[in-house]
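Shown below: input24.txt, with compact mmCIF, N, CA and C atoms.
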# COMPACT_ATOMS: atom_id res chain seq x y z
N MET Q 248 -48.91 -0.22 5.77
CA MET Q 248 -47.95 0.47 4.94
C MET Q 248 -47.85 -0.27 3.62
N SER Q 249 -47.98 0.45 2.51
CA SER Q 249 -47.94 -0.18 1.20
C SER Q 249 -46.50 -0.43 0.76
N LEU Q 250 -46.34 -1.27 -0.26
CA LEU Q 250 -45.03 -1.56 -0.82
C LEU Q 250 -44.40 -0.29 -1.40
N ALA Q 251 -45.21 0.57 -2.00
CA ALA Q 251 -44.70 1.83 -2.56
C ALA Q 251 -44.15 2.72 -1.46
N THR Q 252 -44.81 2.74 -0.30
CA THR Q 252 -44.34 3.54 0.83
C THR Q 252 -43.01 3.00 1.35
N VAL Q 253 -42.91 1.68 1.44
CA VAL Q 253 -41.67 1.08 1.90
C VAL Q 253 -40.54 1.40 0.94
N LYS Q 254 -40.79 1.26 -0.37
CA LYS Q 254 -39.76 1.57 -1.36
C LYS Q 254 -39.36 3.03 -1.29
N ALA Q 255 -40.33 3.92 -1.16
CA ALA Q 255 -40.02 5.34 -1.10
C ALA Q 255 -39.24 5.67 0.16
N SER Q 256 -39.65 5.10 1.29
CA SER Q 256 -38.95 5.43 2.53
C SER Q 256 -37.56 4.82 2.56
N SER Q 257 -37.39 3.61 2.02
CA SER Q 257 -36.06 3.02 2.03
C SER Q 257 -35.15 3.74 1.05
N GLY Q 258 -35.68 4.25 -0.06
CA GLY Q 258 -34.89 5.04 -0.99
C GLY Q 258 -34.43 6.33 -0.34
N TRP Q 259 -35.31 6.98 0.42
CA TRP Q 259 -34.95 8.21 1.12
C TRP Q 259 -33.89 7.92 2.17
N GLY Q 260 -34.08 6.79 2.88
CA GLY Q 260 -33.12 6.42 3.92
C GLY Q 260 -31.74 6.16 3.34
N ALA Q 261 -31.70 5.49 2.20
CA ALA Q 261 -30.41 5.22 1.56
C ALA Q 261 -29.77 6.52 1.10
N THR Q 262 -30.58 7.44 0.58
CA THR Q 262 -30.05 8.73 0.14
C THR Q 262 -29.52 9.53 1.32
N ALA Q 263 -30.26 9.54 2.41
CA ALA Q 263 -29.82 10.27 3.60
C ALA Q 263 -28.55 9.64 4.17
N LEU Q 264 -28.51 8.31 4.20
CA LEU Q 264 -27.33 7.62 4.71
C LEU Q 264 -26.12 7.92 3.83
N GLY Q 265 -26.32 7.91 2.52
CA GLY Q 265 -25.24 8.24 1.60
C GLY Q 265 -24.74 9.66 1.80
N ALA Q 266 -25.65 10.60 1.99
CA ALA Q 266 -25.26 12.00 2.21
C ALA Q 266 -24.50 12.15 3.52
N LEU Q 267 -24.94 11.42 4.55
CA LEU Q 267 -24.25 11.46 5.83
C LEU Q 267 -22.84 10.90 5.70
N ALA Q 268 -22.69 9.77 5.00
CA ALA Q 268 -21.37 9.16 4.80
C ALA Q 268 -20.46 10.10 4.01
N LEU Q 269 -21.01 10.76 2.99
CA LEU Q 269 -20.22 11.70 2.20
C LEU Q 269 -19.78 12.88 3.05
N ALA Q 270 -20.68 13.42 3.84
CA ALA Q 270 -20.33 14.55 4.70
C ALA Q 270 -19.26 14.16 5.71
N LEU Q 271 -19.38 12.98 6.29
CA LEU Q 271 -18.39 12.51 7.25
C LEU Q 271 -17.04 12.33 6.56
N GLY Q 272 -17.06 11.75 5.35
CA GLY Q 272 -15.82 11.57 4.60
C GLY Q 272 -15.14 12.89 4.29
N VAL Q 273 -15.92 13.89 3.88
CA VAL Q 273 -15.35 15.21 3.59
C VAL Q 273 -14.81 15.83 4.87
N PHE Q 274 -15.56 15.71 5.96
CA PHE Q 274 -15.14 16.25 7.25
C PHE Q 274 -13.81 15.66 7.69
N VAL Q 275 -13.70 14.32 7.62
CA VAL Q 275 -12.49 13.65 8.06
C VAL Q 275 -11.33 13.95 7.12
N SER Q 276 -11.55 13.86 5.80
CA SER Q 276 -10.45 14.06 4.86
C SER Q 276 -10.01 15.52 4.79
N SER Q 277 -10.85 16.45 5.23
CA SER Q 277 -10.45 17.86 5.21
C SER Q 277 -9.54 18.20 6.37
N GLY Q 278 -9.37 17.26 7.29
CA GLY Q 278 -8.51 17.51 8.44
C GLY Q 278 -9.23 18.24 9.55
N CYS Q 279 -10.55 18.37 9.45
CA CYS Q 279 -11.32 19.09 10.46
C CYS Q 279 -11.70 18.22 11.64
N ALA Q 280 -11.52 16.93 11.51
CA ALA Q 280 -11.89 16.04 12.59
C ALA Q 280 -10.98 16.27 13.79
N PRO Q 281 -11.55 16.36 14.99
CA PRO Q 281 -10.74 16.59 16.18
C PRO Q 281 -9.88 15.39 16.53
N ASP Q 282 -8.76 15.65 17.17
CA ASP Q 282 -7.88 14.61 17.69
C ASP Q 282 -7.42 13.61 16.64
N MET Q 283 -7.19 14.06 15.42
CA MET Q 283 -6.66 13.17 14.39
C MET Q 283 -5.16 13.39 14.34
N PRO Q 284 -4.37 12.41 14.79
CA PRO Q 284 -2.93 12.58 14.82
C PRO Q 284 -2.35 12.66 13.42
N ALA Q 285 -1.22 13.32 13.29
CA ALA Q 285 -0.53 13.42 12.01
C ALA Q 285 -0.09 12.05 11.57
N ALA Q 286 -0.07 11.83 10.25
CA ALA Q 286 0.30 10.54 9.71
C ALA Q 286 1.76 10.20 10.03
N SER Q 287 2.56 11.21 10.33
CA SER Q 287 3.97 10.96 10.56
C SER Q 287 4.34 10.84 12.04
N ALA Q 288 3.33 10.70 12.92
CA ALA Q 288 3.63 10.56 14.34
C ALA Q 288 4.44 9.30 14.55
N PRO Q 289 5.67 9.41 15.09
CA PRO Q 289 6.53 8.24 15.23
C PRO Q 289 6.02 7.28 16.30
N VAL Q 290 6.01 6.01 15.98
CA VAL Q 290 5.62 4.95 16.90
C VAL Q 290 6.61 3.81 16.70
N ALA Q 291 7.12 3.28 17.79
CA ALA Q 291 8.09 2.18 17.70
C ALA Q 291 7.47 1.00 16.95
N GLY Q 292 8.20 0.45 15.99
CA GLY Q 292 7.72 -0.69 15.23
C GLY Q 292 6.83 -0.34 14.05
N ASP Q 293 6.61 0.93 13.79
CA ASP Q 293 5.76 1.38 12.68
C ASP Q 293 6.47 1.06 11.36
N LEU Q 294 5.92 0.13 10.58
CA LEU Q 294 6.52 -0.29 9.32
C LEU Q 294 6.65 0.87 8.33
N VAL Q 295 5.69 1.77 8.33
CA VAL Q 295 5.71 2.91 7.42
C VAL Q 295 6.87 3.83 7.78
N GLN Q 296 7.02 4.15 9.04
CA GLN Q 296 8.10 5.04 9.46
C GLN Q 296 9.47 4.40 9.19
N GLN Q 297 9.56 3.09 9.35
CA GLN Q 297 10.81 2.41 9.04
C GLN Q 297 11.15 2.57 7.56
N ALA Q 298 10.16 2.42 6.68
CA ALA Q 298 10.38 2.57 5.25
C ALA Q 298 10.74 4.02 4.90
N LEU Q 299 10.07 4.98 5.52
CA LEU Q 299 10.33 6.39 5.24
C LEU Q 299 11.75 6.79 5.65
N SER Q 300 12.30 6.10 6.64
CA SER Q 300 13.64 6.44 7.11
C SER Q 300 14.71 6.16 6.05
N ALA Q 301 14.35 5.41 5.00
CA ALA Q 301 15.29 5.14 3.90
C ALA Q 301 15.48 6.35 3.00
N GLY Q 302 14.60 7.36 3.12
CA GLY Q 302 14.74 8.57 2.34
C GLY Q 302 14.36 8.42 0.87
N LYS Q 303 13.45 7.48 0.58
CA LYS Q 303 13.00 7.27 -0.79
C LYS Q 303 11.49 7.52 -0.86
N PRO Q 304 10.98 7.90 -2.05
CA PRO Q 304 9.51 7.97 -2.19
C PRO Q 304 8.92 6.62 -1.79
N THR Q 305 7.79 6.66 -1.10
CA THR Q 305 7.22 5.46 -0.50
C THR Q 305 5.74 5.36 -0.78
N VAL Q 306 5.29 4.15 -1.08
CA VAL Q 306 3.86 3.85 -1.10
C VAL Q 306 3.61 2.86 0.03
N ALA Q 307 2.64 3.20 0.86
CA ALA Q 307 2.23 2.31 1.94
C ALA Q 307 0.81 1.87 1.64
N GLU Q 308 0.63 0.55 1.52
CA GLU Q 308 -0.73 0.05 1.30
C GLU Q 308 -1.24 -0.52 2.61
N PHE Q 309 -2.45 -0.09 2.96
CA PHE Q 309 -3.11 -0.56 4.16
C PHE Q 309 -4.27 -1.44 3.73
N GLY Q 310 -4.21 -2.71 4.09
CA GLY Q 310 -5.24 -3.67 3.70
C GLY Q 310 -5.26 -4.83 4.66
N ALA Q 311 -5.69 -5.99 4.16
CA ALA Q 311 -5.73 -7.21 4.98
C ALA Q 311 -5.86 -8.41 4.06
N ASN Q 312 -5.36 -9.52 4.52
CA ASN Q 312 -5.47 -10.75 3.73
C ASN Q 312 -6.92 -11.18 3.56
N ALA Q 313 -7.80 -10.74 4.44
CA ALA Q 313 -9.22 -11.08 4.36
C ALA Q 313 -9.95 -10.27 3.28
N CYS Q 314 -9.28 -9.31 2.69
CA CYS Q 314 -9.87 -8.39 1.71
C CYS Q 314 -9.46 -8.84 0.30
N ALA Q 315 -10.44 -9.14 -0.57
CA ALA Q 315 -10.15 -9.65 -1.92
C ALA Q 315 -9.35 -8.63 -2.74
N ALA Q 316 -9.74 -7.37 -2.73
CA ALA Q 316 -9.02 -6.34 -3.49
C ALA Q 316 -7.59 -6.18 -2.97
N CYS Q 317 -7.41 -6.34 -1.67
CA CYS Q 317 -6.07 -6.26 -1.08
C CYS Q 317 -5.20 -7.41 -1.56
N ARG Q 318 -5.77 -8.59 -1.61
CA ARG Q 318 -5.02 -9.75 -2.10
C ARG Q 318 -4.65 -9.56 -3.57
N GLU Q 319 -5.52 -8.93 -4.35
CA GLU Q 319 -5.22 -8.66 -5.76
C GLU Q 319 -4.07 -7.66 -5.90
N MET Q 320 -3.88 -6.80 -4.93
CA MET Q 320 -2.81 -5.80 -4.97
C MET Q 320 -1.45 -6.40 -4.63
N LYS Q 321 -1.40 -7.50 -3.91
CA LYS Q 321 -0.12 -8.06 -3.46
C LYS Q 321 0.87 -8.32 -4.59
N PRO Q 322 0.49 -8.96 -5.71
CA PRO Q 322 1.46 -9.17 -6.79
C PRO Q 322 1.97 -7.86 -7.40
N ILE Q 323 1.11 -6.86 -7.44
CA ILE Q 323 1.51 -5.54 -7.96
C ILE Q 323 2.57 -4.92 -7.05
N LEU Q 324 2.31 -4.97 -5.75
CA LEU Q 324 3.26 -4.41 -4.79
C LEU Q 324 4.58 -5.18 -4.80
N GLU Q 325 4.50 -6.49 -4.89
CA GLU Q 325 5.71 -7.31 -4.92
C GLU Q 325 6.54 -7.00 -6.16
N ALA Q 326 5.87 -6.84 -7.32
CA ALA Q 326 6.59 -6.51 -8.56
C ALA Q 326 7.24 -5.13 -8.46
N LEU Q 327 6.54 -4.17 -7.87
CA LEU Q 327 7.13 -2.84 -7.69
C LEU Q 327 8.36 -2.90 -6.79
N ARG Q 328 8.25 -3.65 -5.71
CA ARG Q 328 9.37 -3.80 -4.77
C ARG Q 328 10.57 -4.46 -5.48
N ARG Q 329 10.30 -5.49 -6.25
CA ARG Q 329 11.34 -6.22 -6.95
C ARG Q 329 11.98 -5.36 -8.06
N ASP Q 330 11.16 -4.70 -8.88
CA ASP Q 330 11.66 -4.00 -10.06
C ASP Q 330 12.14 -2.57 -9.80
N HIS Q 331 11.65 -1.95 -8.71
CA HIS Q 331 11.97 -0.54 -8.46
C HIS Q 331 12.44 -0.28 -7.04
N GLY Q 332 12.72 -1.34 -6.28
CA GLY Q 332 13.10 -1.21 -4.87
C GLY Q 332 14.35 -0.41 -4.62
N ASP Q 333 15.18 -0.21 -5.64
CA ASP Q 333 16.39 0.58 -5.46
C ASP Q 333 16.07 2.07 -5.38
N ARG Q 334 14.89 2.49 -5.88
CA ARG Q 334 14.57 3.92 -5.86
C ARG Q 334 13.27 4.28 -5.16
N ILE Q 335 12.45 3.26 -4.81
CA ILE Q 335 11.22 3.51 -4.05
C ILE Q 335 11.11 2.48 -2.93
N SER Q 336 10.31 2.82 -1.92
CA SER Q 336 9.99 1.87 -0.86
C SER Q 336 8.52 1.48 -0.99
N VAL Q 337 8.24 0.21 -0.76
CA VAL Q 337 6.88 -0.31 -0.83
C VAL Q 337 6.60 -1.01 0.49
N VAL Q 338 5.53 -0.59 1.16
CA VAL Q 338 5.15 -1.17 2.45
C VAL Q 338 3.74 -1.73 2.32
N ASP Q 339 3.55 -2.95 2.76
CA ASP Q 339 2.24 -3.60 2.74
C ASP Q 339 1.86 -3.89 4.19
N VAL Q 340 0.92 -3.12 4.72
CA VAL Q 340 0.51 -3.24 6.11
C VAL Q 340 -0.80 -4.02 6.19
N ASP Q 341 -0.79 -5.14 6.90
CA ASP Q 341 -2.00 -5.92 7.14
C ASP Q 341 -2.66 -5.36 8.39
N LEU Q 342 -3.77 -4.67 8.20
CA LEU Q 342 -4.43 -3.97 9.30
C LEU Q 342 -5.00 -4.91 10.35
N ILE Q 343 -5.33 -6.13 9.96
CA ILE Q 343 -5.86 -7.09 10.94
C ILE Q 343 -4.71 -7.69 11.74
N ALA Q 344 -3.67 -8.14 11.05
CA ALA Q 344 -2.52 -8.73 11.74
C ALA Q 344 -1.80 -7.71 12.61
N GLN Q 345 -1.84 -6.45 12.21
CA GLN Q 345 -1.14 -5.39 12.93
C GLN Q 345 -2.11 -4.46 13.67
N LYS Q 346 -3.29 -4.97 14.05
CA LYS Q 346 -4.31 -4.10 14.66
C LYS Q 346 -3.84 -3.42 15.94
N HIS Q 347 -2.90 -4.02 16.64
CA HIS Q 347 -2.39 -3.44 17.89
C HIS Q 347 -1.54 -2.18 17.64
N MET Q 348 -1.15 -1.94 16.39
CA MET Q 348 -0.27 -0.80 16.07
C MET Q 348 -1.02 0.52 15.88
N GLY Q 349 -2.33 0.51 15.74
CA GLY Q 349 -3.09 1.75 15.61
C GLY Q 349 -2.97 2.43 14.25
N TYR Q 350 -2.69 1.66 13.21
CA TYR Q 350 -2.53 2.24 11.87
C TYR Q 350 -3.81 2.93 11.38
N LEU Q 351 -4.98 2.36 11.69
CA LEU Q 351 -6.23 2.95 11.22
C LEU Q 351 -6.36 4.41 11.62
N GLN Q 352 -6.10 4.69 12.88
CA GLN Q 352 -6.23 6.06 13.37
C GLN Q 352 -5.05 6.92 12.93
N ARG Q 353 -3.86 6.40 13.05
CA ARG Q 353 -2.67 7.20 12.77
C ARG Q 353 -2.61 7.65 11.31
N TYR Q 354 -3.02 6.76 10.40
CA TYR Q 354 -2.96 7.10 8.98
C TYR Q 354 -4.34 7.38 8.39
N ARG Q 355 -5.35 7.51 9.26
CA ARG Q 355 -6.71 7.88 8.86
C ARG Q 355 -7.25 6.99 7.74
N ILE Q 356 -7.19 5.68 7.95
CA ILE Q 356 -7.64 4.72 6.95
C ILE Q 356 -9.14 4.51 7.09
N GLN Q 357 -9.86 4.66 5.97
CA GLN Q 357 -11.31 4.54 5.98
C GLN Q 357 -11.81 3.37 5.15
N LEU Q 358 -10.96 2.83 4.28
CA LEU Q 358 -11.35 1.77 3.36
C LEU Q 358 -10.13 0.92 3.05
N MET Q 359 -10.36 -0.36 2.78
CA MET Q 359 -9.25 -1.23 2.38
C MET Q 359 -9.45 -1.64 0.93
N PRO Q 360 -8.43 -1.65 0.14
CA PRO Q 360 -7.09 -1.13 0.45
C PRO Q 360 -7.02 0.37 0.26
N THR Q 361 -6.15 1.00 1.03
CA THR Q 361 -5.81 2.41 0.85
C THR Q 361 -4.31 2.49 0.66
N GLN Q 362 -3.89 3.23 -0.37
CA GLN Q 362 -2.47 3.48 -0.60
C GLN Q 362 -2.19 4.93 -0.23
N VAL Q 363 -1.16 5.11 0.58
CA VAL Q 363 -0.74 6.46 0.98
C VAL Q 363 0.65 6.66 0.38
N PHE Q 364 0.82 7.80 -0.31
CA PHE Q 364 2.06 8.11 -1.01
C PHE Q 364 2.83 9.18 -0.27
N PHE Q 365 4.14 8.97 -0.15
CA PHE Q 365 5.03 9.90 0.55
C PHE Q 365 6.19 10.26 -0.36
N ASP Q 366 6.67 11.50 -0.25
CA ASP Q 366 7.87 11.88 -0.99
C ASP Q 366 9.10 11.42 -0.21
N ALA Q 367 10.28 11.69 -0.76
CA ALA Q 367 11.53 11.23 -0.14
C ALA Q 367 11.77 11.86 1.23
N GLN Q 368 11.12 12.99 1.50
CA GLN Q 368 11.26 13.64 2.80
C GLN Q 368 10.23 13.14 3.82
N GLY Q 369 9.39 12.18 3.41
CA GLY Q 369 8.42 11.60 4.33
C GLY Q 369 7.11 12.36 4.42
N ARG Q 370 6.88 13.32 3.52
CA ARG Q 370 5.62 14.08 3.53
C ARG Q 370 4.59 13.35 2.67
N GLU Q 371 3.36 13.23 3.20
CA GLU Q 371 2.30 12.61 2.41
C GLU Q 371 1.99 13.51 1.21
N THR Q 372 1.95 12.91 0.02
CA THR Q 372 1.66 13.67 -1.20
C THR Q 372 0.28 13.37 -1.75
N SER Q 373 -0.21 12.16 -1.53
CA SER Q 373 -1.56 11.81 -1.99
C SER Q 373 -1.96 10.48 -1.39
N ARG Q 374 -3.20 10.11 -1.65
CA ARG Q 374 -3.68 8.80 -1.23
C ARG Q 374 -4.72 8.33 -2.22
N HIS Q 375 -4.94 7.02 -2.22
CA HIS Q 375 -5.88 6.40 -3.14
C HIS Q 375 -6.58 5.28 -2.39
N MET Q 376 -7.88 5.11 -2.64
CA MET Q 376 -8.63 4.03 -2.01
C MET Q 376 -9.10 3.07 -3.09
N GLY Q 377 -8.81 1.78 -2.90
CA GLY Q 377 -9.20 0.76 -3.86
C GLY Q 377 -8.00 0.24 -4.63
N ARG Q 378 -8.29 -0.55 -5.66
CA ARG Q 378 -7.22 -1.10 -6.49
C ARG Q 378 -6.61 0.00 -7.34
N ILE Q 379 -5.32 -0.16 -7.64
CA ILE Q 379 -4.59 0.81 -8.44
C ILE Q 379 -3.49 0.07 -9.20
N SER Q 380 -3.18 0.54 -10.39
CA SER Q 380 -2.17 -0.14 -11.21
C SER Q 380 -0.76 0.24 -10.77
N ALA Q 381 0.19 -0.59 -11.17
CA ALA Q 381 1.61 -0.31 -10.90
C ALA Q 381 2.02 1.00 -11.56
N GLU Q 382 1.53 1.24 -12.77
CA GLU Q 382 1.86 2.47 -13.50
C GLU Q 382 1.38 3.71 -12.76
N GLU Q 383 0.17 3.64 -12.22
CA GLU Q 383 -0.38 4.77 -11.47
C GLU Q 383 0.42 5.00 -10.18
N ILE Q 384 0.81 3.92 -9.52
CA ILE Q 384 1.62 4.05 -8.30
C ILE Q 384 2.94 4.74 -8.63
N LEU Q 385 3.61 4.28 -9.69
CA LEU Q 385 4.88 4.90 -10.08
C LEU Q 385 4.69 6.36 -10.45
N ALA Q 386 3.63 6.68 -11.17
CA ALA Q 386 3.37 8.07 -11.56
C ALA Q 386 3.20 8.95 -10.32
N ARG Q 387 2.48 8.46 -9.33
CA ARG Q 387 2.28 9.24 -8.11
C ARG Q 387 3.59 9.40 -7.33
N LEU Q 388 4.39 8.36 -7.30
CA LEU Q 388 5.66 8.44 -6.58
C LEU Q 388 6.67 9.34 -7.29
N GLU Q 389 6.54 9.47 -8.58
CA GLU Q 389 7.47 10.30 -9.35
C GLU Q 389 6.99 11.74 -9.48
N GLY Q 390 6.00 12.11 -8.68
CA GLY Q 390 5.56 13.50 -8.64
C GLY Q 390 4.30 13.79 -9.43
N GLY Q 391 3.68 12.79 -10.01
CA GLY Q 391 2.46 13.02 -10.78
C GLY Q 391 1.21 12.74 -9.96
N ALA Q 392 1.21 13.14 -8.68
CA ALA Q 392 0.07 12.86 -7.80
C ALA Q 392 -1.21 13.40 -8.39
N ARG Q 393 -2.27 12.60 -8.32
CA ARG Q 393 -3.58 12.99 -8.89
C ARG Q 393 -4.63 12.98 -7.83
Render the structure in this file as structure tokens.
Amino acid sequence: MSLATVKASSGWGATALGALALALGVFVSSGCAPDMPAASAPVAGDLVQQALSAGKPTVAEFGANACAACREMKPILEALRRDHGDRISVVDVDLIAQKHMGYLQRYRIQLMPTQVFFDAQGRETSRHMGRISAEEILARLEGGAR
């Protein structure tokens, strides 16, 4: 097998793998996946449900201390909690430390960090994967979901 054949076949494999991942992501995010529980299924000790019970718009970040982007989000979340905690709730869920709680499945987390946004009635309004600014978080919580 020549080097050109290996490059061509590995390029095709990467393309096929990417297409498969995209299709799976669309399938799961469209709600078509079987046995996917609602994000609001109550579970004792669920930090997100505890925050939602306050009746305020809420951002729940799902990440882990082992994740560099998640660690970069911590000061942003802390500042939001400190500066806007009277009108919004901010929840930081460590998926590794809380692995026994089933957050991955319950909130359909596919990447860390993922921020899930809820209105004051506890309905999910949007979600974001990756780093996000404090301004964008506030905009989403104030009804400017993108």
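Take atom C of Ala291 of chain Q and atom CA of Ile335 of chain Q: the distance between them is 21.5 Å.
Rounded to one decimal, atom CA of Pro304 of chain Q and atom CA of Ser336 of chain Q lie 6.3 Å from each other.
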Which polymer residues have any atom within 6 Å of an atom of segment 368-378 of chain Q, counting only N, CA and C atoms, with same-chain residues fewer than 4 positions away left out, as a PyMOL selection string? chain Q and resi 299+302-303+359-364
Could you tell me how far atom C of Met348 of chain Q lies from atom N of Gly310 of chain Q, in Å and to one decimal?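 Distance reported for this atom pair: 12.6 Å.
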According to DSSP computed on the backbone, where in segment 289-335 of chain Q is there strand (DSSP E or B)? Give the residues as a PyMOL selection string. chain Q and resi 305-310
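Among Q:Val340, Q:Met320, Q:His331, Q:Phe309, the residue with the shortest atom-to-atom distance to Leu294 of chain Q, counting only C-alpha atoms, is Q:Val340.
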Using only C-alpha atoms: which of Q:Gln357, Q:Asp341, Q:Leu327, Q:Glu382 has the shortest distance to Thr305 of chain Q: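 Result for the nearest residue to Thr305 of chain Q: Q:Leu327.
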Can you tell me, as lines of an AutoDock Vina configuration file, the centre and edge lengths (Å, one decimal) of the axis-aligned box enclosing all of segment 305-324 of chain Q's listed atoms after padding each side by 3 Å?
center_x = -1.3
center_y = -2.3
center_z = -1.5
size_x = 24.2
size_y = 23.8
size_z = 18.9
